[in-house]
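Text of protein_6.cif, listed as mmCIF, C-alpha atoms:
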```
data_upload
#
loop_
_atom_site.group_PDB
_atom_site.id
_atom_site.type_symbol
_atom_site.label_atom_id
_atom_site.label_comp_id
_atom_site.auth_asym_id
_atom_site.auth_seq_id
_atom_site.Cartn_x
_atom_site.Cartn_y
_atom_site.Cartn_z
ATOM 1 C CA MET I 1 11.278 16.287 -11.811
ATOM 2 C CA GLU I 2 7.804 17.330 -10.642
ATOM 3 C CA ARG I 3 8.474 20.824 -11.977
ATOM 4 C CA ASP I 4 9.357 19.285 -15.334
ATOM 5 C CA PHE I 5 6.161 17.291 -15.158
ATOM 6 C CA ALA I 6 4.152 20.436 -14.465
ATOM 7 C CA GLU I 7 5.780 22.089 -17.478
ATOM 8 C CA LEU I 8 4.982 19.055 -19.634
ATOM 9 C CA THR I 9 1.387 19.238 -18.487
ATOM 10 C CA ARG I 10 1.178 22.929 -19.333
ATOM 11 C CA ARG I 11 2.568 22.271 -22.803
ATOM 12 C CA ALA I 12 0.313 19.268 -23.355
ATOM 13 C CA ARG I 13 -2.699 21.362 -22.378
ATOM 14 C CA ALA I 14 -1.684 23.826 -25.076
ATOM 15 C CA GLY I 15 -1.777 20.971 -27.607
ATOM 16 C CA ASP I 16 1.902 19.932 -27.669
ATOM 17 C CA ARG I 17 1.821 16.256 -28.608
ATOM 18 C CA SER I 18 5.508 15.618 -27.834
ATOM 19 C CA ALA I 19 4.887 16.843 -24.274
ATOM 20 C CA PHE I 20 1.891 14.547 -24.035
ATOM 21 C CA ARG I 21 4.038 11.662 -25.252
ATOM 22 C CA SER I 22 6.502 12.348 -22.416
ATOM 23 C CA ILE I 23 3.606 12.201 -19.958
ATOM 24 C CA VAL I 24 2.467 8.886 -21.450
ATOM 25 C CA GLU I 25 6.011 7.525 -21.164
ATOM 26 C CA ALA I 26 6.181 8.533 -17.511
ATOM 27 C CA THR I 27 2.817 7.092 -16.510
ATOM 28 C CA HIS I 28 1.922 4.177 -18.755
ATOM 29 C CA LEU I 29 3.723 1.407 -16.866
ATOM 30 C CA THR I 30 1.884 2.028 -13.617
ATOM 31 C CA ALA I 31 -1.362 2.607 -15.498
ATOM 32 C CA PHE I 32 -0.874 -0.690 -17.348
ATOM 33 C CA ARG I 33 -0.229 -2.613 -14.140
ATOM 34 C CA VAL I 34 -3.313 -1.189 -12.455
ATOM 35 C CA ALA I 35 -5.458 -2.067 -15.496
ATOM 36 C CA LEU I 36 -3.906 -5.529 -15.732
ATOM 37 C CA ARG I 37 -4.435 -6.343 -12.047
ATOM 38 C CA THR I 38 -8.008 -5.080 -12.277
ATOM 39 C CA LEU I 39 -8.873 -7.014 -15.433
ATOM 40 C CA GLY I 40 -6.500 -9.981 -15.294
ATOM 41 C CA ASP I 41 -5.867 -9.802 -19.044
ATOM 42 C CA ALA I 42 -2.930 -7.999 -20.685
ATOM 43 C CA ALA I 43 -4.623 -7.389 -24.054
ATOM 44 C CA GLU I 44 -7.681 -5.886 -22.381
ATOM 45 C CA ALA I 45 -5.448 -3.772 -20.134
ATOM 46 C CA GLU I 46 -3.694 -2.371 -23.221
ATOM 47 C CA ASP I 47 -7.066 -1.567 -24.826
ATOM 48 C CA VAL I 48 -8.027 0.293 -21.671
ATOM 49 C CA LEU I 49 -4.783 2.271 -21.757
ATOM 50 C CA GLN I 50 -5.302 3.350 -25.360
ATOM 51 C CA GLU I 51 -8.814 4.466 -24.498
ATOM 52 C CA ALA I 52 -7.666 6.214 -21.309
ATOM 53 C CA TYR I 53 -4.915 8.262 -22.951
ATOM 54 C CA LEU I 54 -7.168 9.203 -25.838
ATOM 55 C CA LEU I 55 -9.719 10.419 -23.307
ATOM 56 C CA ALA I 56 -7.001 12.287 -21.418
ATOM 57 C CA TRP I 57 -5.817 13.998 -24.598
ATOM 58 C CA SER I 58 -9.342 14.931 -25.659
ATOM 59 C CA ASN I 59 -10.104 16.367 -22.213
ATOM 60 C CA ARG I 60 -6.717 17.934 -21.505
ATOM 61 C CA ASP I 61 -8.353 21.333 -21.101
ATOM 62 C CA SER I 62 -10.067 20.126 -17.950
ATOM 63 C CA LEU I 63 -6.723 19.496 -16.216
ATOM 64 C CA ARG I 64 -6.384 22.562 -14.006
ATOM 65 C CA ASP I 65 -3.763 21.350 -11.531
ATOM 66 C CA PRO I 66 -0.528 20.126 -13.196
ATOM 67 C CA ALA I 67 0.512 18.482 -9.919
ATOM 68 C CA ALA I 68 -2.445 16.144 -10.242
ATOM 69 C CA THR I 69 -1.667 14.897 -13.767
ATOM 70 C CA ARG I 70 -0.472 11.422 -12.729
ATOM 71 C CA ALA I 71 -3.388 10.903 -10.352
ATOM 72 C CA TRP I 72 -5.780 12.176 -13.035
ATOM 73 C CA ILE I 73 -4.497 9.751 -15.663
ATOM 74 C CA HIS I 74 -4.444 6.834 -13.231
ATOM 75 C CA GLY I 75 -7.978 7.732 -12.182
ATOM 76 C CA ILE I 76 -9.204 7.619 -15.788
ATOM 77 C CA THR I 77 -7.459 4.269 -16.332
ATOM 78 C CA ARG I 78 -8.833 2.805 -13.103
ATOM 79 C CA ASN I 79 -12.399 3.844 -13.885
ATOM 80 C CA LEU I 80 -12.285 2.470 -17.422
ATOM 81 C CA ALA I 81 -10.794 -0.810 -16.188
ATOM 82 C CA LEU I 82 -13.380 -1.114 -13.411
ATOM 83 C CA ASN I 83 -16.241 -0.399 -15.813
ATOM 84 C CA ARG I 84 -14.943 -3.051 -18.155
ATOM 85 C CA ALA I 85 -14.440 -5.551 -15.323
ATOM 86 C CA ARG I 86 -17.972 -4.973 -14.057
ATOM 87 C CA GLY I 87 -19.282 -5.535 -17.552
ATOM 88 C CA ARG I 88 -18.230 -9.134 -17.519
ATOM 89 C CA ALA I 89 -18.069 -11.970 -15.040
ATOM 90 C CA ARG I 90 -14.667 -12.250 -13.412
ATOM 91 C CA ARG I 91 -12.636 -15.011 -14.935
ATOM 92 C CA SER I 92 -9.714 -16.734 -13.377
ATOM 93 C CA ALA I 93 -6.474 -16.841 -15.338
ATOM 94 C CA HIS I 94 -5.579 -20.116 -13.700
ATOM 95 C CA GLU I 95 -7.356 -23.382 -13.315
ATOM 96 C CA VAL I 96 -8.846 -23.848 -9.907
ATOM 97 C CA THR I 97 -7.141 -26.630 -8.092
ATOM 98 C CA SER I 98 -8.616 -28.632 -5.298
ATOM 99 C CA ASP I 99 -5.472 -30.668 -4.699
ATOM 100 C CA PRO I 100 -5.290 -30.878 -0.884
ATOM 101 C CA ASP I 101 -1.626 -31.884 -1.000
ATOM 102 C CA LEU I 102 -0.694 -28.711 -2.864
ATOM 103 C CA MET I 103 -2.786 -26.662 -0.452
ATOM 104 C CA HIS I 104 -0.849 -28.220 2.439
ATOM 105 C CA ARG I 105 2.435 -27.358 0.751
ATOM 106 C CA LEU I 106 1.301 -23.780 0.277
ATOM 107 C CA SER I 107 0.333 -23.563 3.928
ATOM 108 C CA ASP I 108 3.739 -24.982 4.928
ATOM 109 C CA TYR I 109 5.518 -22.600 2.610
ATOM 110 C CA LEU I 110 3.692 -19.548 3.933
ATOM 111 C CA ALA I 111 4.437 -20.606 7.512
ATOM 112 C CA SER I 112 8.092 -21.493 6.927
ATOM 113 C CA GLU I 113 10.980 -19.282 8.044
ATOM 114 C CA GLN I 114 12.955 -20.247 4.932
ATOM 115 C CA PRO I 115 11.638 -21.973 1.821
ATOM 116 C CA ASN I 116 13.068 -25.473 1.365
ATOM 117 C CA PRO I 117 14.001 -27.186 -1.940
ATOM 118 C CA GLU I 118 10.684 -28.954 -1.989
ATOM 119 C CA HIS I 119 8.869 -25.612 -2.078
ATOM 120 C CA VAL I 120 11.152 -24.337 -4.831
ATOM 121 C CA ALA I 121 10.417 -27.455 -6.895
ATOM 122 C CA VAL I 122 6.686 -26.793 -6.866
ATOM 123 C CA GLY I 123 7.071 -23.005 -7.049
ATOM 124 C CA SER I 124 5.066 -22.587 -10.256
ATOM 125 C CA GLN I 125 2.212 -24.677 -8.876
ATOM 126 C CA LEU I 126 2.222 -22.674 -5.655
ATOM 127 C CA ARG I 127 2.175 -19.437 -7.648
ATOM 128 C CA ALA I 128 -0.787 -20.650 -9.704
ATOM 129 C CA LEU I 129 -2.594 -21.677 -6.537
ATOM 130 C CA VAL I 130 -1.978 -18.303 -4.874
ATOM 131 C CA LEU I 131 -3.201 -16.460 -7.993
ATOM 132 C CA ASN I 132 -6.316 -18.595 -7.959
ATOM 133 C CA LEU I 133 -7.018 -17.779 -4.361
ATOM 134 C CA VAL I 134 -6.267 -14.080 -4.884
ATOM 135 C CA ALA I 135 -8.609 -14.016 -7.896
ATOM 136 C CA GLU I 136 -11.464 -14.843 -5.513
ATOM 137 C CA LEU I 137 -10.810 -11.780 -3.347
ATOM 138 C CA ASP I 138 -12.808 -8.567 -3.704
ATOM 139 C CA GLU I 139 -11.390 -6.172 -6.303
ATOM 140 C CA LYS I 140 -10.064 -3.669 -3.751
ATOM 141 C CA TYR I 141 -8.042 -6.360 -1.968
ATOM 142 C CA ARG I 142 -7.028 -8.309 -5.061
ATOM 143 C CA VAL I 143 -5.608 -5.343 -6.972
ATOM 144 C CA VAL I 144 -3.549 -3.909 -4.117
ATOM 145 C CA LEU I 145 -2.160 -7.319 -3.176
ATOM 146 C CA LEU I 146 -1.104 -8.159 -6.734
ATOM 147 C CA LEU I 147 0.428 -4.725 -7.366
ATOM 148 C CA ARG I 148 2.422 -5.030 -4.156
ATOM 149 C CA THR I 149 3.363 -8.705 -4.417
ATOM 150 C CA ILE I 150 4.041 -9.176 -8.113
ATOM 151 C CA ASP I 151 4.760 -5.668 -9.395
ATOM 152 C CA GLY I 152 6.679 -4.653 -6.276
ATOM 153 C CA MET I 153 5.067 -1.213 -6.013
ATOM 154 C CA SER I 154 5.828 0.896 -2.955
ATOM 155 C CA TYR I 155 3.098 2.111 -0.610
ATOM 156 C CA ASP I 156 3.430 5.648 -2.011
ATOM 157 C CA GLU I 157 3.175 4.399 -5.582
ATOM 158 C CA LEU I 158 0.132 2.320 -4.663
ATOM 159 C CA ALA I 159 -1.519 5.294 -2.984
ATOM 160 C CA GLU I 160 -1.065 7.459 -6.080
ATOM 161 C CA ALA I 161 -2.026 4.726 -8.543
ATOM 162 C CA LEU I 162 -5.152 3.748 -6.628
ATOM 163 C CA GLY I 163 -6.128 7.251 -5.524
ATOM 164 C CA ILE I 164 -6.240 6.372 -1.822
ATOM 165 C CA PRO I 165 -4.204 7.479 1.235
ATOM 166 C CA VAL I 166 -1.132 5.456 2.250
ATOM 167 C CA GLY I 167 -2.884 4.410 5.463
ATOM 168 C CA THR I 168 -5.688 2.870 3.406
ATOM 169 C CA VAL I 169 -3.109 1.035 1.285
ATOM 170 C CA GLU I 170 -1.630 -0.478 4.444
ATOM 171 C CA SER I 171 -4.958 -1.536 5.873
ATOM 172 C CA ARG I 172 -6.144 -2.991 2.563
ATOM 173 C CA LEU I 173 -2.936 -4.974 2.202
ATOM 174 C CA HIS I 174 -3.254 -6.277 5.715
ATOM 175 C CA ARG I 175 -6.868 -7.320 5.130
ATOM 176 C CA ALA I 176 -5.956 -8.862 1.772
ATOM 177 C CA ARG I 177 -3.233 -11.040 3.295
ATOM 178 C CA ALA I 178 -5.512 -12.071 6.140
ATOM 179 C CA LYS I 179 -8.256 -13.008 3.685
ATOM 180 C CA LEU I 180 -5.811 -14.964 1.550
ATOM 181 C CA LEU I 181 -4.648 -16.920 4.544
ATOM 182 C CA GLU I 182 -8.213 -17.530 5.650
ATOM 183 C CA LYS I 183 -8.888 -19.102 2.276
ATOM 184 C CA VAL I 184 -5.892 -21.426 2.635
ATOM 185 C CA GLU I 185 -6.871 -22.417 6.151
ATOM 186 C CA ARG I 186 -10.515 -22.900 5.195
ATOM 187 C CA ALA I 187 -9.489 -25.095 2.278
ATOM 188 C CA LEU I 188 -7.550 -27.215 4.744
ATOM 189 C CA GLY I 189 -10.450 -27.282 7.209
ATOM 190 C CA ARG I 190 -8.469 -25.351 9.825
ATOM 191 C CA PRO I 191 -9.286 -22.129 11.683
ATOM 192 C CA SER I 192 -7.313 -19.080 10.520
ATOM 193 C CA GLU I 193 -4.114 -18.482 12.451
ATOM 194 C CA VAL I 194 -2.980 -15.172 11.052
ATOM 195 C CA MET I 195 -1.735 -12.618 13.587
ATOM 196 C CA PRO I 196 -2.280 -8.863 13.140
ATOM 197 C CA MET J 1 11.717 -24.437 10.488
ATOM 198 C CA LYS J 2 8.058 -23.459 10.770
ATOM 199 C CA ARG J 3 6.431 -20.845 12.925
ATOM 200 C CA GLU J 4 3.432 -21.783 15.007
ATOM 201 C CA ARG J 5 1.454 -18.756 13.862
ATOM 202 C CA LEU J 6 1.736 -16.526 10.802
ATOM 203 C CA ASP J 7 2.087 -12.784 10.976
ATOM 204 C CA SER J 8 1.268 -10.370 8.185
ATOM 205 C CA SER J 9 4.844 -9.272 7.427
ATOM 206 C CA GLN J 10 6.026 -12.874 7.193
ATOM 207 C CA LEU J 11 3.236 -13.614 4.762
ATOM 208 C CA GLU J 12 4.312 -10.622 2.671
ATOM 209 C CA GLU J 13 7.898 -11.907 2.636
ATOM 210 C CA ARG J 14 6.834 -15.380 1.505
ATOM 211 C CA LEU J 15 4.609 -14.005 -1.248
ATOM 212 C CA HIS J 16 7.358 -11.681 -2.501
ATOM 213 C CA GLU J 17 9.737 -14.582 -2.597
ATOM 214 C CA LEU J 18 7.254 -16.767 -4.456
ATOM 215 C CA PHE J 19 6.720 -14.202 -7.228
ATOM 216 C CA ARG J 20 10.212 -12.701 -7.308
ATOM 217 C CA GLY J 21 11.116 -14.483 -10.545
ATOM 218 C CA ASP J 22 8.100 -13.066 -12.399
ATOM 219 C CA GLY J 23 9.053 -9.400 -12.050
ATOM 220 C CA PRO J 24 6.657 -6.529 -12.639
ATOM 221 C CA ALA J 25 4.220 -6.847 -15.529
ATOM 222 C CA MET J 26 5.297 -5.128 -18.752
ATOM 223 C CA PRO J 27 3.075 -4.074 -21.663
ATOM 224 C CA SER J 28 3.796 -4.845 -25.326
ATOM 225 C CA PRO J 29 6.760 -2.852 -26.672
ATOM 226 C CA ASP J 30 4.555 -1.145 -29.265
ATOM 227 C CA LEU J 31 1.904 0.045 -26.805
ATOM 228 C CA LEU J 32 3.363 3.548 -26.597
ATOM 229 C CA THR J 33 3.296 3.859 -30.395
ATOM 230 C CA ARG J 34 -0.293 2.617 -30.540
ATOM 231 C CA ILE J 35 -1.350 5.116 -27.888
ATOM 232 C CA MET J 36 0.283 8.022 -29.723
ATOM 233 C CA ASN J 37 -1.170 6.876 -33.070
ATOM 234 C CA GLY J 38 -4.594 6.955 -31.452
ATOM 235 C CA VAL J 39 -3.928 10.479 -30.205
ATOM 236 C CA ALA J 40 -2.768 11.565 -33.681
ATOM 237 C CA ASP J 41 -5.899 10.064 -35.283
ATOM 238 C CA ALA J 42 -8.054 11.987 -32.841
ATOM 239 C CA GLU J 43 -6.661 15.292 -34.139
ATOM 240 C CA PRO J 44 -8.666 17.000 -36.908
ATOM 241 C CA THR J 45 -7.105 16.619 -40.368
ATOM 242 C CA ARG J 46 -5.837 19.674 -42.266
ATOM 243 C CA PHE J 47 -9.010 19.596 -44.382
ATOM 244 C CA GLU J 48 -11.197 19.453 -41.259
ATOM 245 C CA ARG J 49 -9.209 22.267 -39.652
ATOM 246 C CA TRP J 50 -9.530 24.319 -42.861
ATOM 247 C CA ASN J 51 -13.253 23.635 -42.941
ATOM 248 C CA HIS J 52 -13.568 25.005 -39.441
ATOM 249 C CA VAL J 53 -12.392 28.363 -40.811
ATOM 250 C CA ALA J 54 -13.478 28.285 -44.445
ATOM 251 C CA LEU J 55 -17.119 27.348 -44.004
ATOM 252 C CA PRO J 56 -18.050 30.113 -41.573
ATOM 253 C CA VAL J 57 -16.085 32.661 -43.619
ATOM 254 C CA ALA J 58 -17.812 31.589 -46.867
ATOM 255 C CA LEU J 59 -21.198 31.683 -45.169
ATOM 256 C CA ALA J 60 -20.560 35.138 -43.722
ATOM 257 C CA ALA J 61 -19.329 36.416 -47.116
ATOM 258 C CA GLY J 62 -22.428 35.041 -48.864
ATOM 259 C CA ILE J 63 -24.773 36.662 -46.376
ATOM 260 C CA ALA J 64 -22.865 39.962 -46.641
ATOM 261 C CA ALA J 65 -23.111 39.876 -50.457
ATOM 262 C CA ILE J 66 -26.859 39.311 -50.339
ATOM 263 C CA VAL J 67 -27.340 42.124 -47.845
ATOM 264 C CA VAL J 68 -25.241 44.553 -49.892
ATOM 265 C CA GLY J 69 -27.137 43.574 -53.076
ATOM 266 C CA LEU J 70 -30.490 44.144 -51.422
ATOM 267 C CA LEU J 71 -29.377 47.466 -49.992
ATOM 268 C CA GLY J 72 -28.071 48.496 -53.402
ATOM 269 C CA PHE J 73 -31.382 47.630 -55.005
ATOM 270 C CA VAL J 74 -33.409 49.471 -52.383
ATOM 271 C CA LEU J 75 -31.200 52.514 -52.203
ATOM 272 C CA GLU J 76 -30.425 52.845 -55.962
ATOM 273 C CA PRO J 77 -30.804 56.541 -56.923
ATOM 274 C CA ARG J 78 -33.473 56.941 -59.579
ATOM 275 C CA THR J 79 -33.403 60.155 -61.656
ATOM 276 C CA PRO J 80 -36.929 61.267 -62.365
ATOM 277 C CA THR J 81 -37.531 61.523 -66.116
ATOM 278 C CA ASP J 82 -38.402 64.982 -67.539
ATOM 279 C CA PRO J 83 -41.565 64.396 -69.665
ATOM 280 C CA VAL J 84 -41.046 67.503 -71.878
ATOM 281 C CA ALA J 85 -37.476 66.592 -72.708
ATOM 282 C CA GLU J 86 -38.533 63.037 -73.463
ATOM 283 C CA ILE J 87 -41.299 64.152 -75.808
ATOM 284 C CA THR J 88 -38.925 66.616 -77.508
ATOM 285 C CA ARG J 89 -36.384 63.852 -77.991
ATOM 286 C CA VAL J 90 -38.921 61.442 -79.478
ATOM 287 C CA VAL J 91 -40.516 64.082 -81.718
ATOM 288 C CA THR J 92 -37.147 65.299 -82.957
ATOM 289 C CA ALA J 93 -36.172 61.778 -83.845
ATOM 290 C CA GLU J 94 -39.447 61.075 -85.647
ATOM 291 C CA VAL J 95 -39.312 64.361 -87.578
ATOM 292 C CA GLY J 96 -35.742 63.719 -88.503
ATOM 293 C CA ASP J 97 -36.734 60.290 -89.860
ATOM 294 C CA LEU J 98 -39.622 61.841 -91.812
ATOM 295 C CA PHE J 99 -37.390 64.440 -93.466
ATOM 296 C CA ALA J 100 -34.901 61.833 -94.317
ATOM 297 C CA ALA J 101 -37.579 59.704 -95.955
ATOM 298 C CA VAL J 102 -38.997 62.631 -97.968
ATOM 299 C CA GLY J 103 -35.580 63.894 -98.936
ATOM 300 C CA GLY J 104 -34.367 60.395 -99.809
#
```
Rewrite the structure from the file as structure tokens, please.
Amino acid sequence: MERDFAELTRRARAGDRSAFRSIVEATHLTAFRVALRTLGDAAEAEDVLQEAYLLAWSNRDSLRDPAATRAWIHGITRNLALNRARGRARRSAHEVTSDPDLMHRLSDYLASEQPNPEHVAVGSQLRALVLNLVAELDEKYRVVLLLRTIDGMSYDELAEALGIPVGTVESRLHRARAKLLEKVERALGRPSEVMP
Amino acid sequence: MKRERLDSSQLEERLHELFRGDGPAMPSPDLLTRIMNGVADAEPTRFERWNHVALPVALAAGIAAIVVGLLGFVLEPRTPTDPVAEITRVVTAEVGDLFAAVGG
């Protein structure tokens, strides 16, 4: 598979557009998710992807190591998405809620061994509340937590997509969860209870 | 059942469960096509590609023609005219005309 990918890269470097298309097919889903979780807007994420692949095609000569193609493309996407995100104030995709009852339910849900029917009934509200709280986290915690929680990416996939070692993925995820819980507890006026 | 304290892995489990129904984010179905159209548009057209070759060749040919013309002008062999032969030719012609006029 990786050997095929190296061959595709070699052909794409030589100007073979069908090889480049195969590379796009193999990488665009992860690239899209990274851009989406960075920007919080699907249309903007797609714009970033179009720009990123165009840039990759135009600069294909600079790709010396075929084994690094995925990381190279994800790096271009990440940088474009970050630049765009920095260019505008972060906006939340969900309305901020200050409903203390819902916050209590979220706290109960997160602490429960098994979700009960009551939690299931307010699932969409809990999801919106979590997304709101996650949206307030720093970019490096927010993106990794969303990619892991919603997109179900593995630690290895996250490491490659974000250009960081697996150990850093683990520590960022841990910090992200702790920060999320702190926000819930603070909203409820309680000290954080999360265990390492 | 509720635990007294939360641990990180339990929190991960709960969050996964909460968002399980959503599934991973997917782009628009036509995104791939749009990306590849953008790549195709970035390629030079046939005319542009032709211009990359034709313009330098035409320029080089023009310069070469000018150089060859100048060289030809400078190096053109000029046969020096023999003044005696020229005078003889002119006089012969004039005398011939005179005889023709008298005779006619």
Problem - Spatial neighbours of segment 7-18 of chain I, max dist 9 Å, all atoms listed in the file, sep filter under 6 positions, as number ranges by chain - result: I: 57, 59-63, 65-67, 69; J: 36, 39-40
Practice task
Work out how far atom CA of Val134 of chain I is from atom CA of His174 of chain I, in Å to one decimal.
Solution key: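 Calculated distance between atom CA of His174 of chain I and atom CA of Val134 of chain I is 13.5 Å.
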Completion exercise
Between J:Leu75, J:Ile35, J:Leu55, J:Val91, smallest distance to chain I by all atoms listed in the file belongs to J:Ile35
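What separates atom CA of Pro56 of chain J from atom CA of Leu71 of chain J is a distance of 22.4 Å.
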Exercise for the section: Kindly resolve the PyMOL selection byres ((chain I and resi 108) around 12) on the present coordinates and return the residues as a VMD selection string. Expected result: (chain I and resid 101 to 107 109 to 116 118 to 119 126 181 184 to 185 188) or (chain J and resid 1 to 6 11 14)
Problem - Between atom CA of Ala25 of chain J and atom CA of Leu162 of chain I - distance in Å to one decimal - result: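 Atom CA of Ala25 of chain J lies at a distance of 16.7 Å from atom CA of Leu162 of chain I.
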Problem - Counting all atoms listed in the file, the option among J:Asp82, J:Pro24, J:Glu13, J:Ala101 closest to chain I - result: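 Using all atoms listed in the file, the shortest distance to chain I belongs to J:Pro24.
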Exercise for the section: Evaluate the PyMOL selection byres ((chain I and resi 78) around 10) and record the selected residues as a list of chain:residue names, following the chain and residue labels used in the document. Expected result: I:Ala31, I:Phe32, I:Val34, I:Ala35, I:Thr38, I:Val48, I:Leu49, I:Ala52, I:Trp72, I:Ile73, I:His74, I:Gly75, I:Ile76, I:Thr77, I:Asn79, I:Leu80, I:Ala81, I:Leu82, I:Asn83, I:Arg84, I:Ala161, I:Leu162, I:Gly163
Problem - Contacts of Ser124 of chain I at 10 Å (only C-alpha atoms; same-chain gap of 5+ positions) as a PyMOL selection string - result: (chain I and resi 119+129-130) or (chain J and resi 18-19)
Exercise for the section: Point out the residue among J:Val68, J:Leu15, J:Ala58, J:Val74 with the least atom-to-atom distance to chain I, counting all atoms listed in the file. Expected result: J:Leu15
Exercise for the section: For each of I:Ala121, I:Leu133, I:Ile150, I:Leu54, take the minimum atom-to-atom distance to Ala187 of chain I, counting all atoms listed in the file, then give the residue where this is smallest. Expected result: I:Leu133
How big is the axis-aligned box around all listed atoms of segment 72-91 of chain I once 8 Å goes on each side, and where's its centre, in Å to one decimal, as lines of an AutoDock Vina configuration file?
```
center_x = -11.9
center_y = -1.4
center_z = -15.2
size_x = 30.8
size_y = 43.2
size_z = 22.0
```
Practice task
Kindly indicate which residue among I:Arg127, I:Arg177, I:Lys183, I:Arg172 lies nearest to Tyr155 of chain I, using all atoms listed in the file for the distances.
Solution key: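 With all atoms listed in the file as the atom set, the closest residue is I:Arg172.
Counting all atoms listed in the file, Asp30 of chain J has the following residues at most 12 Å away, ignoring those fewer than 4 positions along the same chain: Glu25, Glu46 and Gln50 of chain I; Met26, Arg34, Ile35, Met36 and Asn37 of chain J.
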